[in-house]
Amino acid sequence: MTIAERWSRKDWGRLVEPWGNFRLFPSGDQRDGWLAVSDETKQTWVTLAERFVDYEWPTMSADLYLRYKREGDNLKYLNRFYERRSALGILTVAECLEWKGRFIDPIVSGVIAICEETTWITPHDLMHRKLFIPSPEDVDVDLSSGETGAVLAWVHYLMGSRLDVIHPRIRERIETEVRRRLIEPYLRRDDFWWMGFVPSTYVNNWNPWCNQNVLISVLLLERDQADRAAVVGKAARSLEAFIRKYSPDGCCEEGPMYWGASGGGLHTCLKLLSECSGGDDIGLFKEEIVGDIGRYIYRAHIHGDYFVNFADGDARFPISSNVFAFGTSIGDDRMIQLGASAERRRPVVFSWFNMHDYLQDIFLERKLGQGDVTAPYVREAWMDAAQVLTARETEGSEIGLFLAAKGGHNHEPHNHNDVGNFIVYADGCPVFIDLGTEDYTAATFGPDRYTLWYTQSQYHNCPTVRGVLQQNGQQYRSRDAECFLSDDVAELSMDLEAAYPSEAGIASWKRIVRLSRGTKAAVEISDSFALNEATDEIALNLMTPLAPVNVRAGVFELEYAPNRRVEIVYDAEILTLTVEPMTMMGNRIRRNWGDAMYRLVLKASANVNEGTYIVKVKRLEGGRGKDDGA
């Protein structure tokens, strides 16, 4: 029986809990749960909330929309948007923890300020309709309206009678605005692209993210039982489309940073559907695809807060307790282990404020804090549909070399033109990296996306031939991708010819990326090629935040930690090394990697129409290698 068939057998009208009965976490007046929270966590939230006691809620003025139209600057608006919702969420959680009433007035101010906003749609998303002056008629179910509705719904539920004592109009206003701006358009429309009901190549993280927020809003606010059941049933069908269109190997093609909204969001949605209908998960967590979607997050984990970050995602980010919760739901000890090993998150102001996940963090705190737990550090994973390989030298430890590589195509969600790209870490520290992305602007998701330098193949660990770069589109892809795994070797081979337009003049380009284990542990990148015409315009690009130190011809070193280095070897008779310090990074790339960045370019020394280039990376044990005279 398919997942869809299982959904269809649900009688949501009969099963969905009526309003007032749904309680995922304790409300503020259920004191036992809140009193059990640790003093450290309580202090963290209360101290942060004290910053907002006399907060002057920043205006969401029309000039922020005009600025986006004229300059493409979405961040100026988003920072105010984020801060308002984060302030309201932080004040609410702190009041629930303390329950003294001193945060009530700013909570009321925040509720009214957000309800008074002309629209909850950001300039970036409003411009999709060719509009740039906000109107109260601008209502859509998207990330910004969904997040706003969910935060207000949690305030309504958590504060309850505390708000009614001041005036019933406060909670009535929340119900009115969330219904008008979120619930009604969700019920009325089936054509939102992210729902999965209209033809599309893929459905991305917006699907569970939006569905999660609508489900929370309806389950906490909506009193009409027919509408509660209608929303739950529709969300179930939409999530079925998400699962159906997900990479069948469980790989989050948007990258692990987006897994929190996609895979993690799916888990939250499935738990909400289960909890609102008597705890029946209809066996969904036993489905292989659902389990693989969860397991992806530890397959992409490197060490600490570093993850394999192909596409737009950041390389470094904290994970929520949803990893632990998802692992518990599917009974996967390694996923539970990763969730329990992660450092506890602190609330963030200038970002999305996911109240559900923060509450889950708080109420799973004691389970997460039991014992000294390390990450699972799985030895290897091959996700064949997405063509992503991850492998480490030492299973169960960050010590040694780590390799990740990808084939795939250049029309993936949050795509960069990066077919054949790879990353290398040593002892959990970055050596050769994927830069990631910068703060989103009007160009990020528009027709000028691939003019952004960090989306281009020349700023990934990819070849460039005749100055011609990879192009975007599903037809630009790897061919004949094969993975070989054994105790001694993890290897991915693929032909990159089709990732480049014909102007590159490539007849074939077989790239083999290999991690060898044992006494001769190393990462080796082998490029064997044939060109239609001879040229010396061949470049192998390598991105690193580490300053190279030349040792001798064909050998340089990178110091990835104090007194810990890797040695990189290439054939200096046929390749010449050029070091290009990078100066154009913005804030987001610098947050991930620091202020230093280099593009190392290995250039062909002579005209060739065929050949093989090999680059080898070896970790040096305690200083220089033996062959360096140490």
# chains A, B, ... in the order shown; residues from 1 in each chain; ligands from 1
$ residues_around --residues "region 334-348 of chain A" --least-positions-apart "2" --cutoff "6 Å" --atoms "only C-alpha atoms" --output "PDB file with N, CA and C atoms, in the first residue's frame"
ATOM      1  N   VAL A 323      16.612  16.454  14.847  1.00  0.00           N
ATOM      2  CA  VAL A 323      17.431  15.310  14.439  1.00  0.00           C
ATOM      3  C   VAL A 323      17.233  14.167  15.431  1.00  0.00           C
ATOM      4  N   PHE A 324      17.309  14.485  16.716  1.00  0.00           N
ATOM      5  CA  PHE A 324      17.086  13.487  17.765  1.00  0.00           C
ATOM      6  C   PHE A 324      15.661  12.932  17.679  1.00  0.00           C
ATOM      7  N   GLY A 327      15.228  10.684  14.613  1.00  0.00           N
ATOM      8  CA  GLY A 327      15.895   9.413  14.868  1.00  0.00           C
ATOM      9  C   GLY A 327      15.090   8.518  15.783  1.00  0.00           C
ATOM     10  N   ASP A 332      16.446   4.942  14.632  1.00  0.00           N
ATOM     11  CA  ASP A 332      17.805   4.909  14.104  1.00  0.00           C
ATOM     12  C   ASP A 332      18.772   5.444  15.161  1.00  0.00           C
ATOM     13  N   LEU A 368      18.355  14.986  25.739  1.00  0.00           N
ATOM     14  CA  LEU A 368      19.514  15.297  24.910  1.00  0.00           C
ATOM     15  C   LEU A 368      20.789  15.417  25.740  1.00  0.00           C
ATOM     16  N   VAL A 373      28.094  12.053  24.570  1.00  0.00           N
ATOM     17  CA  VAL A 373      27.778  11.393  23.307  1.00  0.00           C
ATOM     18  C   VAL A 373      28.576  12.037  22.183  1.00  0.00           C
ATOM     19  N   THR A 374      29.128  11.216  21.300  1.00  0.00           N
ATOM     20  CA  THR A 374      29.814  11.730  20.116  1.00  0.00           C
ATOM     21  C   THR A 374      28.984  11.419  18.880  1.00  0.00           C
ATOM     22  N   ALA A 375      29.268  12.131  17.814  1.00  0.00           N
ATOM     23  CA  ALA A 375      28.569  11.899  16.543  1.00  0.00           C
ATOM     24  C   ALA A 375      28.896  10.506  16.015  1.00  0.00           C
ATOM     25  N   PRO A 376      28.057   9.942  15.149  1.00  0.00           N
ATOM     26  CA  PRO A 376      28.298   8.573  14.673  1.00  0.00           C
ATOM     27  C   PRO A 376      29.466   8.450  13.698  1.00  0.00           C
TER      28      PRO A 376
END
$ residues_around --residues "Leu131 (chain A)" --least-positions-apart "5" --cutoff "12 Å" --atoms "only C-alpha atoms" --output "ChimeraX atom specification"
/A:62,65-66,68-69,121-126,137-138
$ residues_around --residues "region 537-551 of chain A" --least-positions-apart "4" --cutoff "6 Å" --atoms "only C-alpha atoms" --output "list in words"
Val431, Phe432, Ile433, Asn461, Cys462, Pro463, Thr464, Val465, Arg466, Val555, Phe556, Glu557, Leu558, Ala596, Met597, Tyr598, Arg599, Leu600, Val601, Leu602, Lys603 and Ala604 of chain A
$ write_last_selection --atoms "N, CA and C atoms" --output "compact mmCIF listing (two decimals), in the first residue's frame"
# COMPACT_ATOMS: atom_id res chain seq x y z
N VAL A 431 39.80 21.69 4.15
CA VAL A 431 41.00 21.80 3.31
C VAL A 431 40.60 22.37 1.95
N PHE A 432 39.88 21.58 1.14
CA PHE A 432 39.28 22.08 -0.10
C PHE A 432 37.77 22.10 0.10
N ILE A 433 37.14 23.22 -0.26
CA ILE A 433 35.78 23.48 0.20
C ILE A 433 34.84 23.84 -0.94
N ASN A 461 35.49 23.30 -7.17
CA ASN A 461 36.65 22.46 -7.46
C ASN A 461 36.38 21.66 -8.73
N CYS A 462 36.31 22.40 -9.83
CA CYS A 462 35.92 21.85 -11.13
C CYS A 462 36.91 22.34 -12.20
N PRO A 463 37.02 21.63 -13.31
CA PRO A 463 37.89 22.09 -14.40
C PRO A 463 37.26 23.24 -15.19
N THR A 464 38.12 24.02 -15.82
CA THR A 464 37.70 25.00 -16.81
C THR A 464 38.52 24.76 -18.07
N VAL A 465 37.88 24.68 -19.23
CA VAL A 465 38.56 24.42 -20.49
C VAL A 465 38.25 25.54 -21.46
N ARG A 466 39.32 26.15 -22.01
CA ARG A 466 39.20 27.27 -22.96
C ARG A 466 38.43 28.44 -22.36
N VAL A 555 54.85 20.24 -5.16
CA VAL A 555 54.40 19.93 -3.80
C VAL A 555 54.15 21.22 -3.03
N PHE A 556 52.96 21.34 -2.42
CA PHE A 556 52.71 22.43 -1.48
C PHE A 556 51.92 21.88 -0.30
N GLU A 557 51.90 22.66 0.77
CA GLU A 557 51.22 22.23 1.99
C GLU A 557 50.17 23.25 2.39
N LEU A 558 49.17 22.77 3.10
CA LEU A 558 48.14 23.61 3.69
C LEU A 558 48.05 23.28 5.17
N ALA A 596 39.97 34.82 5.00
CA ALA A 596 40.95 34.41 3.99
C ALA A 596 40.33 33.36 3.05
N MET A 597 40.61 33.51 1.76
CA MET A 597 40.15 32.52 0.78
C MET A 597 41.08 32.59 -0.42
N TYR A 598 41.36 31.43 -1.00
CA TYR A 598 42.25 31.35 -2.13
C TYR A 598 41.66 30.43 -3.20
N ARG A 599 41.84 30.84 -4.45
CA ARG A 599 41.59 29.92 -5.54
C ARG A 599 42.96 29.48 -6.05
N LEU A 600 43.22 28.18 -5.94
CA LEU A 600 44.45 27.61 -6.46
C LEU A 600 44.15 27.05 -7.84
N VAL A 601 44.87 27.50 -8.84
CA VAL A 601 44.60 27.11 -10.21
C VAL A 601 45.82 26.35 -10.75
N LEU A 602 45.60 25.10 -11.07
CA LEU A 602 46.63 24.29 -11.73
C LEU A 602 46.39 24.36 -13.23
N LYS A 603 47.31 25.05 -13.94
CA LYS A 603 47.12 25.32 -15.36
C LYS A 603 48.02 24.43 -16.20
N ALA A 604 47.50 24.03 -17.34
CA ALA A 604 48.29 23.22 -18.26
C ALA A 604 49.51 23.99 -18.73
$ select_by_dssp --residues "region 77-277 of chain A" --states "helix (DSSP H, G or I)" --output "count of residues only"
141
$ closest_residue --among "A:Val523, A:Leu469, A:Val566, A:Ala230" --to "Val214 (chain A)" --atoms "only C-alpha atoms"
A:Ala230
$ residues_around --residues "His301 (chain A)" --least-positions-apart "4" --cutoff "9 Å" --atoms "only C-alpha atoms" --output "list in words"
Pro256, Tyr296, Ile297, Asp305, Tyr306, Phe307, Val308, Leu338, Ala375, Tyr377, Val378 and Thr390 of chain A
$ residues_around --residues "Arg179 (chain A)" --least-positions-apart "6" --cutoff "12 Å" --atoms "only C-alpha atoms" --output "list of chain:residue names"
A:Cys115, A:Val139, A:Asp140, A:Val141, A:Ser145, A:Gly146, A:Thr148, A:Gly149, A:Ala150, A:Leu152, A:Ala153, A:Glu172, A:Arg173, A:Pro185, A:Tyr186, A:Leu187, A:Arg188, A:Val214, A:Ser217, A:Val218, A:Leu219, A:Leu220, A:Leu221, A:Glu222, A:Arg223, A:Asp224, A:Asp227, A:Arg228, A:Val231
$ closest_residue --among "A:Tyr77, A:Pro58, A:Ser38, A:His267" --to "Arg366 (chain A)" --atoms "only C-alpha atoms"
A:Ser38
$ residues_around --residues "Ser605 (chain A)" --least-positions-apart "6" --cutoff "8 Å" --atoms "only C-alpha atoms" --output "list in words"
Asp536, Glu573, Ile574, Leu575 and Thr576 of chain A
$ residues_around --residues "region 88-104 of chain A" --least-positions-apart "3" --cutoff "6 Å" --atoms "only C-alpha atoms" --output "PyMOL selection string"
chain A and resi 28+34+45-46+49+85+107+110
$ atom_distance --atom1 "CA of Thr451 (chain A)" --atom2 "CA of Tyr476 (chain A)"
17.1 Å
